[in-house]
Amino acid sequence: MNFLKLLFKSIFYLVVLFAFLALGAWGVAYHVYSEELPDVNALRDIQYQVPLRIYDRHGGLIAEFGEKRRIPVSIDQIPELVEKAFLAAEDDRFYQHPGVDLQGLFRAGWELLRTGHKGQGGSTITMQVARNFFLSSEKTYSRKFREILLAVKIERELTKRQILELYLNKIYLGNRAYGVAAAASIYYNKPLDALTPAEAAMLAGLPKAPSKFNPVVNPERAKIRRDYILGRMGELGWLTEEQVKAAQLEPVQTTLFLGAESEVSAPYVAEMVRARMVEQFGEAAYEMGLRVYTTLDPELQRTASLALRNALLDYDRRHGWRGAEGRVEFPVGDVEAAASHARAQRLVEGLIAAVVLEVEARQATVVDGQGRRHVLDLESLQWARPYLSEDAMGPRPKSVAEVLSPGDIVRLRQGEKGYTLAQLPQVEGAFVAFDSTSGALLALEGGYDFSLSKFNRVTQAQRQPGSSFKPFLYSAALENGFTLASVISDDPRVYEKAAANKKDWQPQNYGGKFYGPTRLHEALVRSQNLVSVRLMEAITPEVVLRHAKSFGLPVGQWQPTLSLALGSYALTPWELTAAYMVFANGGYRVEPYFIQRVEDLRGNVLFEAVPQHFCDNELAFLPKGAGQLREKRVSPTTLPSGRRCQPGVLGQAPRVISPENAWLVQVMLRDVVKRGTAASAGRALKRPDIGGKTGTTNDQRDAWFSGFGPGVVATAWVGFDDYRPLGRMETGGKVAVPMWVDFMQVALKDRPVQELKPPPGIITASIDPGTGQIVPSGTPGAIIEYFDVRYPQVTTAVMPEYLPSQAISEAIGDRQMVEELF
């Protein structure tokens, strides 16, 4: 008995001694390590690594850039079902323990004593927060001790709900998903509140081993883990037995939604924004959680993309069949094998891959990647004449076998009557549209498909604009003494040693036709090259370059040559469209922009575009009579807009041409659409308030159309990246105008027809259409023409070859009238 008392007493003292020793060791260790522990208050203002997200003007997602995909959410936004699933999987006593679960620690200690290995166990959610935010994941005693100390410290500083919020936003759940909201999007393409119990349990099983329990990689193991968690939820009373059984019967979802669900496809704009943000913030832009709101209109962007693809595919179809994209071998009639080969082909916008299954005399059966069969009959293949060159094709096929063979890899294009044969176009294109009053980008497509070519032809392609440049030349002429009634010779002429290679240059009109003496108005409508060259010679290239510079055109690298009249110097579609805004809005130079606002992760505005407003320069251009140009200072009350430009003020769009000049150019450009080289646009849109100009360069290497409607200005361009000719008759009016029309039909559908009211400085007069001379009203055969009251209403007839160039420069350059020089 005494022996037992002594034994128990000894054990008691030993326990007390060990307890004191443990407490002492704890105290010493705490004192040593606590000084090295980070400040947990940093968790209150934690900055998650959140990707860069880009949106359209209405908040629709365009693109996401960043290695880690995370969607931070507050604890109040996390459904109870999701919370319970993670607690059941990781720490069901989370709300009871002080950050360290002694039961779990004893369990881990027993595992160490029993096996001699450090294993899992004992890590509470708070300890995981400590490890994920402050420590490494190495399994060492010192790291574990720091983890315990940090967990206790975190519990003292933060509430349980704050800790759980940190945990559910930080954890890695596989496939670039960090946090529960991102995981719900990637694995199920759902918001958190739409998850089922089975889905919530599946996500809750991932933190333990994101690869091992990944439902896509290891669906069997993932299901075992999921069902275990569902069972735990049932044992804890968080799900009923019926709910557990029903959830365990759900199949495992094995599809990933890796890309952010874009609401509008605008990859070229997304890349422009990404580059701008990296330029501004460096590589940190990918993880700062920046939200960039662009000016892009989602409906117009979709319209622009479709318009460009259709225009390029239609051009491609006009030039014949270049053959199958490739060939594959598979057992005869094996639909699944054919579908498998089709699925292996790259995805291309607007075209689906298919494999020819069988060919008969008058039809072929093809199989797409989904195993669907499509029949292509001989009639639908009549376009598929063999391509020989840009100007030549072989005969029409007499049998399907002349076009297709079993095993051919082809592309299909969906039309009104189903799918038809198509091919990847080699030709490229660009389309860009701005709000002409604000400069905001409305739509941009830099090529047929961003995945095929990331080269942005809107902002990077330097191409000759051809006749699309002529409106700037004619605007300069109107500022230098010419009127719409001025008559200019269109007869052929050779300019000695005027070509770039110092050879003689003989400009031609398209089609080789000459029109003789032509009024300025009609010359632009018909895009007469010889008139334009004579006009350039009359007012001099230097004057035109100075005038073009005021529109923002990149004239710094251009030379003052006569060929400038025909758009021989390169620019980008972005630059040309921005310059056309001046004509569209009545004379103001508006800077184009595409980023409306940039916000940080918390919604703080880091940048916001300054709204642009029209203002008039203090200098108003008025003639001094029959002599030289003078600059007259006027009071703000006499300015047309009523607002005066102020030095150093942001957001000003200054006037660069007079309202009269802008109106007269608009009149000519509206007639281009009404009855000129772009008449097809007028017939299609049936509106009097649209205008524009076609452009076609030598050998049809570039096809353009730039034009405007109420509040919208847009440019369409088509050409080959390697500068190959497009082929005979492939002009701006044939190739580019349809793209522009398809876009404008949507862009203008809800915009009322604009009243065509001239500014106060414009008057009308009757003229003789042959001579341009003003005649009495009511004269038989007379037509009405517009004139600028700032200048004498007399015609100007020019044949520069009969007048020394110095005399022309002195007379016309100083805005004097040169009359009847024929």
# chains A, B, ... in the order shown; residues from 1 in each chain; ligands from 1

call {"tool": "residues_around", "arguments": {"residues": "Arg683 of chain A", "least_positions_apart": "3", "cutoff": "9 Å", "atoms": "only C-alpha atoms", "output": "PyMOL selection string"}}
result
chain A and resi 673-674+679-680+686-687

call {"tool": "select_by_dssp", "arguments": {"residues": "segment 517-604 of chain A", "states": "helix (DSSP H, G or I)", "output": "VMD selection string"}}
result
chain A and resid 520 to 525 529 to 539 541 to 549 555 to 557 562 to 566 573 to 584

call {"tool": "write_last_selection", "arguments": {"atoms": "N, CA and C atoms", "output": "compact mmCIF listing (two decimals), in the first residue's frame"}}
result
# COMPACT_ATOMS: atom_id res chain seq x y z
N LEU A 520 -14.14 70.06 -109.07
CA LEU A 520 -13.51 69.48 -107.88
C LEU A 520 -14.45 68.51 -107.18
N HIS A 521 -15.71 68.91 -107.06
CA HIS A 521 -16.72 68.07 -106.39
C HIS A 521 -16.79 66.70 -107.05
N GLU A 522 -16.94 66.69 -108.37
CA GLU A 522 -17.08 65.42 -109.09
C GLU A 522 -15.79 64.62 -109.09
N ALA A 523 -14.66 65.32 -109.07
CA ALA A 523 -13.38 64.61 -109.11
C ALA A 523 -13.19 63.73 -107.87
N LEU A 524 -13.63 64.21 -106.71
CA LEU A 524 -13.50 63.39 -105.51
C LEU A 524 -14.54 62.27 -105.51
N VAL A 525 -15.74 62.58 -105.99
CA VAL A 525 -16.79 61.56 -106.04
C VAL A 525 -16.34 60.38 -106.91
N ASN A 529 -7.64 60.42 -110.28
CA ASN A 529 -6.25 60.59 -109.85
C ASN A 529 -5.58 61.80 -110.48
N LEU A 530 -5.83 62.02 -111.78
CA LEU A 530 -5.13 63.09 -112.48
C LEU A 530 -5.55 64.46 -111.95
N VAL A 531 -6.80 64.61 -111.62
CA VAL A 531 -7.25 65.86 -111.00
C VAL A 531 -6.54 66.07 -109.67
N SER A 532 -6.42 65.00 -108.89
CA SER A 532 -5.80 65.11 -107.57
C SER A 532 -4.33 65.49 -107.68
N VAL A 533 -3.63 64.92 -108.66
CA VAL A 533 -2.22 65.26 -108.83
C VAL A 533 -2.08 66.73 -109.24
N ARG A 534 -2.92 67.18 -110.15
CA ARG A 534 -2.86 68.59 -110.54
C ARG A 534 -3.20 69.51 -109.37
N LEU A 535 -4.13 69.08 -108.54
CA LEU A 535 -4.49 69.87 -107.37
C LEU A 535 -3.30 69.96 -106.41
N MET A 536 -2.62 68.84 -106.22
CA MET A 536 -1.43 68.82 -105.37
C MET A 536 -0.36 69.74 -105.94
N GLU A 537 -0.18 69.69 -107.26
CA GLU A 537 0.82 70.54 -107.88
C GLU A 537 0.47 72.02 -107.73
N ALA A 538 -0.81 72.31 -107.76
CA ALA A 538 -1.24 73.70 -107.69
C ALA A 538 -1.01 74.32 -106.32
N ILE A 539 -1.35 73.60 -105.26
CA ILE A 539 -1.22 74.19 -103.91
C ILE A 539 0.08 73.80 -103.23
N PRO A 541 2.86 70.30 -102.43
CA PRO A 541 2.85 69.25 -101.41
C PRO A 541 3.16 69.76 -100.01
N GLU A 542 4.00 70.79 -99.89
CA GLU A 542 4.34 71.34 -98.57
C GLU A 542 3.10 71.87 -97.87
N VAL A 543 2.24 72.55 -98.62
CA VAL A 543 1.00 73.07 -98.04
C VAL A 543 0.10 71.92 -97.59
N VAL A 544 0.03 70.88 -98.39
CA VAL A 544 -0.83 69.73 -98.05
C VAL A 544 -0.30 69.02 -96.81
N LEU A 545 1.02 68.87 -96.72
CA LEU A 545 1.60 68.21 -95.55
C LEU A 545 1.32 68.99 -94.27
N ARG A 546 1.44 70.31 -94.33
CA ARG A 546 1.13 71.13 -93.15
C ARG A 546 -0.33 70.99 -92.76
N HIS A 547 -1.19 70.95 -93.77
CA HIS A 547 -2.62 70.81 -93.49
C HIS A 547 -2.93 69.43 -92.91
N ALA A 548 -2.32 68.39 -93.47
CA ALA A 548 -2.57 67.03 -93.00
C ALA A 548 -2.07 66.84 -91.57
N LYS A 549 -0.99 67.52 -91.23
CA LYS A 549 -0.44 67.40 -89.88
C LYS A 549 -1.44 67.84 -88.83
N VAL A 555 2.87 62.71 -90.66
CA VAL A 555 3.53 63.26 -91.84
C VAL A 555 5.03 63.42 -91.66
N GLY A 556 5.55 63.13 -90.46
CA GLY A 556 6.97 63.34 -90.19
C GLY A 556 7.89 62.60 -91.12
N GLN A 557 7.49 61.40 -91.57
CA GLN A 557 8.33 60.60 -92.45
C GLN A 557 7.92 60.72 -93.92
N LEU A 562 4.54 64.81 -105.42
CA LEU A 562 3.22 64.83 -106.05
C LEU A 562 2.46 63.53 -105.79
N SER A 563 3.19 62.41 -105.64
CA SER A 563 2.50 61.13 -105.41
C SER A 563 1.73 61.11 -104.10
N LEU A 564 2.02 62.06 -103.23
CA LEU A 564 1.25 62.18 -101.98
C LEU A 564 -0.24 62.32 -102.28
N ALA A 565 -0.58 62.92 -103.44
CA ALA A 565 -1.98 63.10 -103.83
C ALA A 565 -2.72 61.79 -103.93
N LEU A 566 -1.99 60.71 -104.19
CA LEU A 566 -2.61 59.39 -104.38
C LEU A 566 -2.39 58.49 -103.17
N PRO A 573 -4.41 51.97 -90.04
CA PRO A 573 -5.85 52.22 -90.01
C PRO A 573 -6.29 53.05 -88.81
N TRP A 574 -5.62 52.87 -87.67
CA TRP A 574 -5.95 53.66 -86.48
C TRP A 574 -5.73 55.15 -86.76
N GLU A 575 -4.60 55.48 -87.36
CA GLU A 575 -4.27 56.88 -87.63
C GLU A 575 -5.21 57.49 -88.66
N LEU A 576 -5.53 56.74 -89.70
CA LEU A 576 -6.43 57.26 -90.73
C LEU A 576 -7.82 57.51 -90.16
N THR A 577 -8.32 56.57 -89.37
CA THR A 577 -9.67 56.72 -88.79
C THR A 577 -9.73 57.90 -87.82
N ALA A 578 -8.68 58.06 -87.02
CA ALA A 578 -8.64 59.20 -86.10
C ALA A 578 -8.68 60.51 -86.86
N ALA A 579 -7.99 60.58 -88.02
CA ALA A 579 -8.01 61.81 -88.82
C ALA A 579 -9.38 62.05 -89.43
N TYR A 580 -10.07 61.00 -89.83
CA TYR A 580 -11.42 61.14 -90.42
C TYR A 580 -12.43 61.67 -89.39
N MET A 581 -12.13 61.49 -88.10
CA MET A 581 -13.04 62.04 -87.09
C MET A 581 -13.19 63.55 -87.24
N VAL A 582 -12.16 64.23 -87.73
CA VAL A 582 -12.23 65.69 -87.91
C VAL A 582 -13.33 66.04 -88.90
N PHE A 583 -13.41 65.32 -90.01
CA PHE A 583 -14.49 65.56 -90.97
C PHE A 583 -15.85 65.21 -90.37
N ALA A 584 -15.89 64.09 -89.64
CA ALA A 584 -17.17 63.59 -89.12
C ALA A 584 -17.78 64.51 -88.07

call {"tool": "closest_residue", "arguments": {"among": "A:Leu306, A:Ala88, A:Ile125, A:Ile62", "to": "Leu203 of chain A", "atoms": "only C-alpha atoms"}}
result
A:Ala88

call {"tool": "residues_around", "arguments": {"residues": "Phe65 of chain A", "least_positions_apart": "5", "cutoff": "9 Å", "atoms": "only C-alpha atoms", "output": "compact mmCIF listing (two decimals) with N, CA and C atoms, in the first residue's frame"}}
result
# COMPACT_ATOMS: atom_id res chain seq x y z
N PRO A 51 -5.38 38.26 -60.79
CA PRO A 51 -5.00 38.58 -62.17
C PRO A 51 -5.59 39.89 -62.68
N LEU A 52 -5.00 40.38 -63.74
CA LEU A 52 -5.49 41.56 -64.45
C LEU A 52 -6.73 41.17 -65.24
N ARG A 53 -7.80 41.93 -65.05
CA ARG A 53 -9.05 41.64 -65.78
C ARG A 53 -9.45 42.87 -66.60
N ILE A 54 -9.90 42.59 -67.81
CA ILE A 54 -10.24 43.64 -68.77
C ILE A 54 -11.71 43.50 -69.15
N ARG A 274 -3.30 45.04 -72.07
CA ARG A 274 -2.27 44.33 -71.30
C ARG A 274 -0.92 45.03 -71.43
N ALA A 285 1.52 44.14 -62.71
CA ALA A 285 0.18 44.31 -63.28
C ALA A 285 -0.59 43.00 -63.35
N TYR A 286 0.15 41.87 -63.43
CA TYR A 286 -0.50 40.57 -63.55
C TYR A 286 -1.07 40.05 -62.24
N GLU A 287 -0.74 40.66 -61.12
CA GLU A 287 -1.20 40.12 -59.83
C GLU A 287 -1.73 41.19 -58.89

call {"tool": "atom_distance", "arguments": {"atom1": "atom CA of Ala204 of chain A", "atom2": "atom CA of Val180 of chain A"}}
result
8.7 Å

call {"tool": "closest_residue", "arguments": {"among": "A:Ile690, A:Met739, A:Ala440, A:Leu726", "to": "Pro752 of chain A", "atoms": "only C-alpha atoms"}}
result
A:Ile690

call {"tool": "select_by_dssp", "arguments": {"residues": "segment 498-663 of chain A", "states": "strand (DSSP E)", "output": "VMD selection string"}}
result
chain A and resid 518 to 519 595 to 599 605 to 608 613 to 615 619 to 623 629 to 633 652 to 654

call {"tool": "closest_residue", "arguments": {"among": "A:Met729, A:Leu192, A:Leu173, A:Leu149", "to": "Gln77 of chain A", "atoms": "only C-alpha atoms"}}
result
A:Leu192

call {"tool": "atom_distance", "arguments": {"atom1": "atom CA of Gln49 of chain A", "atom2": "atom CA of Tyr187 of chain A"}}
result
19.9 Å

call {"tool": "residues_around", "arguments": {"residues": "Phe431 of chain A", "least_positions_apart": "2", "cutoff": "12 Å", "atoms": "only C-alpha atoms", "output": "CSV table (one decimal) with N, CA and C atoms, in the first residue's frame"}}
result
chain,number,residue,atom,x,y,z
A,266,ALA,N,-12.5,40.1,-77.9
A,266,ALA,CA,-11.8,41.2,-78.4
A,266,ALA,C,-10.3,41.1,-78.1
A,268,TYR,N,-7.5,41.5,-79.6
A,268,TYR,CA,-6.5,42.5,-80.0
A,268,TYR,C,-6.6,43.7,-79.1
A,269,VAL,N,-7.8,44.0,-78.7
A,269,VAL,CA,-8.0,45.1,-77.7
A,269,VAL,C,-7.4,44.7,-76.3
A,300,LEU,N,-21.2,46.2,-80.8
A,300,LEU,CA,-20.5,46.6,-82.0
A,300,LEU,C,-19.2,45.8,-82.2
A,301,GLN,N,-18.6,45.4,-81.2
A,301,GLN,CA,-17.4,44.6,-81.3
A,301,GLN,C,-17.7,43.2,-82.0
A,302,ARG,N,-18.8,42.6,-81.5
A,302,ARG,CA,-19.2,41.4,-82.1
A,302,ARG,C,-19.6,41.6,-83.6
A,303,THR,N,-20.2,42.7,-83.9
A,303,THR,CA,-20.6,43.0,-85.3
A,303,THR,C,-19.3,43.2,-86.1
A,304,ALA,N,-18.3,43.9,-85.6
A,304,ALA,CA,-17.1,44.2,-86.3
A,304,ALA,C,-16.4,42.9,-86.6
A,305,SER,N,-16.3,42.0,-85.7
A,305,SER,CA,-15.6,40.7,-85.8
A,305,SER,C,-16.3,39.9,-87.0
A,306,LEU,N,-17.6,39.8,-86.9
A,306,LEU,CA,-18.3,39.1,-87.9
A,306,LEU,C,-18.2,39.7,-89.3
A,307,ALA,N,-18.3,41.1,-89.3
A,307,ALA,CA,-18.2,41.8,-90.6
A,307,ALA,C,-16.8,41.5,-91.3
A,308,LEU,N,-15.8,41.5,-90.5
A,308,LEU,CA,-14.4,41.3,-91.0
A,308,LEU,C,-14.3,39.9,-91.5
A,309,ARG,N,-14.7,38.9,-90.7
A,309,ARG,CA,-14.6,37.5,-91.1
A,309,ARG,C,-15.4,37.3,-92.4
A,311,ALA,N,-16.2,39.4,-94.8
A,311,ALA,CA,-15.6,40.1,-95.9
A,311,ALA,C,-14.4,39.3,-96.4
A,312,LEU,N,-13.5,38.8,-95.5
A,312,LEU,CA,-12.3,38.0,-95.9
A,312,LEU,C,-12.7,36.7,-96.5
A,428,GLU,N,-5.8,39.1,-95.2
A,428,GLU,CA,-6.0,39.6,-93.9
A,428,GLU,C,-6.8,40.9,-94.0
A,429,GLY,N,-7.2,41.4,-92.8
A,429,GLY,CA,-8.0,42.6,-92.8
A,429,GLY,C,-7.9,43.3,-91.4
A,433,ALA,N,-13.4,51.3,-85.3
A,433,ALA,CA,-14.5,52.3,-85.2
A,433,ALA,C,-14.4,53.2,-83.9
A,434,PHE,N,-14.6,54.5,-84.1
A,434,PHE,CA,-14.5,55.4,-82.9
A,434,PHE,C,-15.8,56.1,-82.8
A,441,LEU,N,-12.9,54.4,-78.5
A,441,LEU,CA,-12.9,53.2,-79.3
A,441,LEU,C,-14.2,52.4,-79.1
A,442,LEU,N,-14.9,52.1,-80.2
A,442,LEU,CA,-16.1,51.4,-80.2
A,442,LEU,C,-15.9,49.9,-80.5
A,443,ALA,N,-15.1,49.7,-81.5
A,443,ALA,CA,-14.8,48.3,-81.9
A,443,ALA,C,-13.5,48.2,-82.6
A,444,LEU,N,-12.8,47.1,-82.5
A,444,LEU,CA,-11.5,46.9,-83.2
A,444,LEU,C,-11.2,45.4,-83.4
A,445,GLU,N,-10.9,45.1,-84.7
A,445,GLU,CA,-10.5,43.8,-85.0
A,445,GLU,C,-9.2,43.9,-85.8
A,446,GLY,N,-8.1,43.3,-85.3
A,446,GLY,CA,-6.8,43.5,-85.9
A,446,GLY,C,-6.4,42.4,-86.9
A,447,GLY,N,-7.3,41.4,-87.2
A,447,GLY,CA,-7.0,40.4,-88.1
A,447,GLY,C,-8.1,39.3,-88.1
A,448,TYR,N,-8.0,38.3,-88.9
A,448,TYR,CA,-9.0,37.3,-89.0
A,448,TYR,C,-9.2,36.5,-87.7
A,456,ASN,N,-1.4,43.1,-84.9
A,456,ASN,CA,-2.6,44.0,-84.9
A,456,ASN,C,-2.5,44.9,-86.0
A,457,ARG,N,-3.2,44.6,-87.1
A,457,ARG,CA,-3.1,45.4,-88.3
A,457,ARG,C,-3.8,46.8,-88.2
A,458,VAL,N,-4.6,47.0,-87.1
A,458,VAL,CA,-5.2,48.3,-86.9
A,458,VAL,C,-4.1,49.3,-86.4
A,459,THR,N,-3.3,48.8,-85.5
A,459,THR,CA,-2.3,49.7,-84.9
A,459,THR,C,-0.9,49.5,-85.4
A,461,ALA,N,0.0,47.8,-88.7
A,461,ALA,CA,0.2,47.7,-90.1
A,461,ALA,C,0.4,49.0,-90.8
A,572,THR,N,-1.3,53.8,-90.4
A,572,THR,CA,-2.1,52.7,-89.9
A,572,THR,C,-3.6,53.0,-90.0
A,573,PRO,N,-4.4,52.0,-90.0
A,573,PRO,CA,-5.9,52.2,-90.0
A,573,PRO,C,-6.3,53.0,-88.8
A,574,TRP,N,-5.6,52.9,-87.7
A,574,TRP,CA,-6.0,53.7,-86.5
A,574,TRP,C,-5.7,55.1,-86.8
A,576,LEU,N,-5.5,56.7,-89.7
A,576,LEU,CA,-6.4,57.3,-90.7
A,576,LEU,C,-7.8,57.5,-90.2
A,577,THR,N,-8.3,56.6,-89.4
A,577,THR,CA,-9.7,56.7,-88.8
A,577,THR,C,-9.7,57.9,-87.8
A,703,ALA,N,-7.0,47.6,-100.1
A,703,ALA,CA,-8.4,48.0,-100.3
A,703,ALA,C,-8.9,48.7,-99.0
A,704,TRP,N,-9.4,49.9,-99.1
A,704,TRP,CA,-9.8,50.7,-98.0
A,704,TRP,C,-11.2,51.2,-98.1
A,705,PHE,N,-11.9,51.5,-97.0
A,705,PHE,CA,-13.0,52.4,-97.0
A,705,PHE,C,-13.0,53.0,-95.6
A,706,SER,N,-13.0,54.3,-95.6
A,706,SER,CA,-13.1,55.1,-94.3
A,706,SER,C,-14.4,56.0,-94.5
A,707,GLY,N,-15.2,55.9,-93.5
A,707,GLY,CA,-16.5,56.7,-93.6
A,707,GLY,C,-17.1,56.9,-92.2
A,713,VAL,N,-17.4,56.9,-86.7
A,713,VAL,CA,-16.4,56.9,-87.8
A,713,VAL,C,-15.7,55.6,-87.8
A,714,ALA,N,-15.5,54.9,-89.0
A,714,ALA,CA,-15.0,53.6,-89.1
A,714,ALA,C,-14.2,53.4,-90.3
A,715,THR,N,-13.2,52.5,-90.2
A,715,THR,CA,-12.3,52.2,-91.4
A,715,THR,C,-12.3,50.7,-91.5
A,716,ALA,N,-12.4,50.2,-92.8
A,716,ALA,CA,-12.2,48.8,-93.1
A,716,ALA,C,-11.0,48.7,-94.1
A,717,TRP,N,-10.1,47.8,-93.8
A,717,TRP,CA,-8.9,47.5,-94.7
A,717,TRP,C,-8.8,46.1,-95.0
A,718,VAL,N,-8.4,45.7,-96.2
A,718,VAL,CA,-8.1,44.4,-96.6
A,718,VAL,C,-6.9,44.3,-97.4
A,736,ALA,N,-13.7,46.3,-99.3
A,736,ALA,CA,-13.7,46.9,-98.0
A,736,ALA,C,-15.1,47.5,-97.6
A,737,VAL,N,-15.8,48.0,-98.6
A,737,VAL,CA,-17.1,48.6,-98.4
A,737,VAL,C,-18.1,47.6,-97.8
A,738,PRO,N,-18.2,46.4,-98.2
A,738,PRO,CA,-19.2,45.5,-97.6
A,738,PRO,C,-18.9,45.3,-96.1
A,739,MET,N,-17.6,45.2,-95.7
A,739,MET,CA,-17.3,45.1,-94.3
A,739,MET,C,-17.8,46.3,-93.5
A,740,TRP,N,-17.6,47.5,-94.0
A,740,TRP,CA,-18.1,48.7,-93.4
A,740,TRP,C,-19.6,48.8,-93.3
A,741,VAL,N,-20.2,48.4,-94.4
A,741,VAL,CA,-21.7,48.4,-94.4
A,741,VAL,C,-22.3,47.5,-93.4
A,742,ASP,N,-21.7,46.2,-93.3
A,742,ASP,CA,-22.2,45.3,-92.3
A,742,ASP,C,-22.1,45.8,-90.9
A,743,PHE,N,-21.1,46.5,-90.6
A,743,PHE,CA,-20.9,47.1,-89.3
A,743,PHE,C,-21.9,48.3,-89.1
A,744,MET,N,-22.0,49.2,-90.1
A,744,MET,CA,-22.8,50.4,-89.9
A,744,MET,C,-24.3,50.1,-89.8

call {"tool": "atom_distance", "arguments": {"atom1": "atom CA of Gly603 of chain A", "atom2": "atom CA of Tyr293 of chain A"}}
result
11.8 Å

call {"tool": "closest_residue", "arguments": {"among": "A:Glu155, A:Asp297, A:Asp76, A:Asp689", "to": "Leu61 of chain A", "atoms": "only C-alpha atoms"}}
result
A:Asp297

call {"tool": "residues_around", "arguments": {"residues": "Arg493 of chain A", "least_positions_apart": "6", "cutoff": "9 Å", "atoms": "only C-alpha atoms", "output": "PyMOL selection string"}}
result
chain A and resi 505-508+530+801

call {"tool": "write_last_selection", "arguments": {"atoms": "all heavy atoms", "output": "PDB file, in the first residue's frame"}}
result
ATOM      1  N   TRP A 505       7.028  59.760-114.572  1.00  0.00           N
ATOM      2  CA  TRP A 505       5.836  59.250-113.880  1.00  0.00           C
ATOM      3  C   TRP A 505       4.600  59.707-114.632  1.00  0.00           C
ATOM      4  O   TRP A 505       4.416  60.907-114.887  1.00  0.00           O
ATOM      5  CB  TRP A 505       5.812  59.786-112.439  1.00  0.00           C
ATOM      6  CG  TRP A 505       4.625  59.329-111.638  1.00  0.00           C
ATOM      7  CD1 TRP A 505       4.131  58.064-111.538  1.00  0.00           C
ATOM      8  CD2 TRP A 505       3.767  60.146-110.828  1.00  0.00           C
ATOM      9  NE1 TRP A 505       3.043  58.017-110.709  1.00  0.00           N
ATOM     10  CE2 TRP A 505       2.798  59.292-110.249  1.00  0.00           C
ATOM     11  CE3 TRP A 505       3.740  61.504-110.524  1.00  0.00           C
ATOM     12  CZ2 TRP A 505       1.798  59.764-109.393  1.00  0.00           C
ATOM     13  CZ3 TRP A 505       2.756  61.980-109.663  1.00  0.00           C
ATOM     14  CH2 TRP A 505       1.798  61.117-109.104  1.00  0.00           C
ATOM     15  N   GLN A 506       3.762  58.761-114.987  1.00  0.00           N
ATOM     16  CA  GLN A 506       2.523  59.088-115.688  1.00  0.00           C
ATOM     17  C   GLN A 506       1.356  58.503-114.892  1.00  0.00           C
ATOM     18  O   GLN A 506       0.998  57.344-115.059  1.00  0.00           O
ATOM     19  CB  GLN A 506       2.519  58.524-117.107  1.00  0.00           C
ATOM     20  CG  GLN A 506       1.290  58.947-117.907  1.00  0.00           C
ATOM     21  CD  GLN A 506       1.348  58.493-119.349  1.00  0.00           C
ATOM     22  OE1 GLN A 506       2.275  57.784-119.747  1.00  0.00           O
ATOM     23  NE2 GLN A 506       0.384  58.910-120.152  1.00  0.00           N
ATOM     24  N   PRO A 507       0.774  59.296-114.001  1.00  0.00           N
ATOM     25  CA  PRO A 507      -0.349  58.788-113.195  1.00  0.00           C
ATOM     26  C   PRO A 507      -1.544  58.446-114.073  1.00  0.00           C
ATOM     27  O   PRO A 507      -1.754  59.062-115.125  1.00  0.00           O
ATOM     28  CB  PRO A 507      -0.652  59.944-112.244  1.00  0.00           C
ATOM     29  CG  PRO A 507      -0.115  61.165-112.905  1.00  0.00           C
ATOM     30  CD  PRO A 507       1.074  60.707-113.698  1.00  0.00           C
ATOM     31  N   GLN A 508      -2.304  57.462-113.624  1.00  0.00           N
ATOM     32  CA  GLN A 508      -3.468  56.996-114.362  1.00  0.00           C
ATOM     33  C   GLN A 508      -4.690  56.982-113.453  1.00  0.00           C
ATOM     34  O   GLN A 508      -4.576  56.812-112.241  1.00  0.00           O
ATOM     35  CB  GLN A 508      -3.233  55.569-114.879  1.00  0.00           C
ATOM     36  CG  GLN A 508      -2.017  55.398-115.758  1.00  0.00           C
ATOM     37  CD  GLN A 508      -2.259  55.891-117.161  1.00  0.00           C
ATOM     38  OE1 GLN A 508      -3.382  55.823-117.674  1.00  0.00           O
ATOM     39  NE2 GLN A 508      -1.216  56.394-117.816  1.00  0.00           N
ATOM     40  N   LEU A 530      -5.828  62.017-111.781  1.00  0.00           N
ATOM     41  CA  LEU A 530      -5.126  63.095-112.475  1.00  0.00           C
ATOM     42  C   LEU A 530      -5.551  64.461-111.952  1.00  0.00           C
ATOM     43  O   LEU A 530      -4.728  65.378-111.855  1.00  0.00           O
ATOM     44  CB  LEU A 530      -5.361  62.977-113.983  1.00  0.00           C
ATOM     45  CG  LEU A 530      -4.623  61.777-114.596  1.00  0.00           C
ATOM     46  CD1 LEU A 530      -5.235  61.372-115.909  1.00  0.00           C
ATOM     47  CD2 LEU A 530      -3.162  62.112-114.762  1.00  0.00           C
ATOM     48  N   GLU A 801       0.104  72.575-116.362  1.00  0.00           N
ATOM     49  CA  GLU A 801       1.168  72.502-117.366  1.00  0.00           C
ATOM     50  C   GLU A 801       1.271  73.778-118.195  1.00  0.00           C
ATOM     51  O   GLU A 801       2.262  74.014-118.881  1.00  0.00           O
ATOM     52  CB  GLU A 801       0.961  71.293-118.291  1.00  0.00           C
ATOM     53  CG  GLU A 801      -0.416  71.233-118.927  1.00  0.00           C
ATOM     54  CD  GLU A 801      -1.378  70.393-118.120  1.00  0.00           C
ATOM     55  OE1 GLU A 801      -1.400  70.543-116.888  1.00  0.00           O
ATOM     56  OE2 GLU A 801      -2.088  69.592-118.716  1.00  0.00           O
TER      57      GLU A 801
END
